[in-house]
Amino acid sequence: MVGFVTVCGLVLGIIVGILRPVHIPAVYSKYVGLALLAGMDSILGGIKGYLKDTFDATVFFSGFLINSLVAALLGYLGDQLGIDLYLAAVVVFGSRMYQNIAIIRRVLLKKEA
């Protein structure tokens, strides 16, 4: 049932995104990009937890919100200081996403075998 709801939410989100595109001003694009990257990291971590039977909805939702907010704030703070501090978040979340994808792949390959 959880998988069905997840797929329905994903399809609904894609349809809404296609029908009602959101235009982000260029000034905020860096912050929104960081928040999306952090959100994707949380989503992949949730999928990994679900496949390993360690998923906790409270941890997922709090991590999703806090990671997204902290990443956007880190980018904003870096802009205020005049340094590219957002690159640290890009590197960390990017590497975590690749690690989560690798773990998800291994778990799925073990289930198929």
# chains A, B, ... in the order shown; residues from 1 in each chain; ligands from 1
call {"tool": "residues_around", "arguments": {"residues": "region 65-69 of chain A", "least_positions_apart": "6", "cutoff": "8 Å", "atoms": "only C-alpha atoms", "output": "PyMOL selection string"}}
result
chain A and resi 34-39+42
call {"tool": "select_by_dssp", "arguments": {"residues": "region 1-107 of chain A", "states": "helix (DSSP H, G or I)", "output": "PyMOL selection string"}}
result
chain A and resi 2-19+29-51+57-81+86-107
call {"tool": "atom_distance", "arguments": {"atom1": "CA of Leu87 (chain A)", "atom2": "CA of Ala102 (chain A)"}}
result
22.5 Å
call {"tool": "residues_around", "arguments": {"residues": "region 71-79 of chain A", "least_positions_apart": "5", "cutoff": "8 Å", "atoms": "only C-alpha atoms", "output": "ChimeraX atom specification"}}
result
/A:30-32,34-35,38,84-86,89
call {"tool": "closest_residue", "arguments": {"among": "A:Gly82, A:Gly33, A:Gly63, A:Gly45", "to": "Arg96 (chain A)", "atoms": "only C-alpha atoms"}}
result
A:Gly45
call {"tool": "atom_distance", "arguments": {"atom1": "CA of Ser95 (chain A)", "atom2": "CA of Ile43 (chain A)"}}
result
14.2 Å
call {"tool": "atom_distance", "arguments": {"atom1": "CA of Ile104 (chain A)", "atom2": "CA of Met40 (chain A)"}}
result
13.9 Å
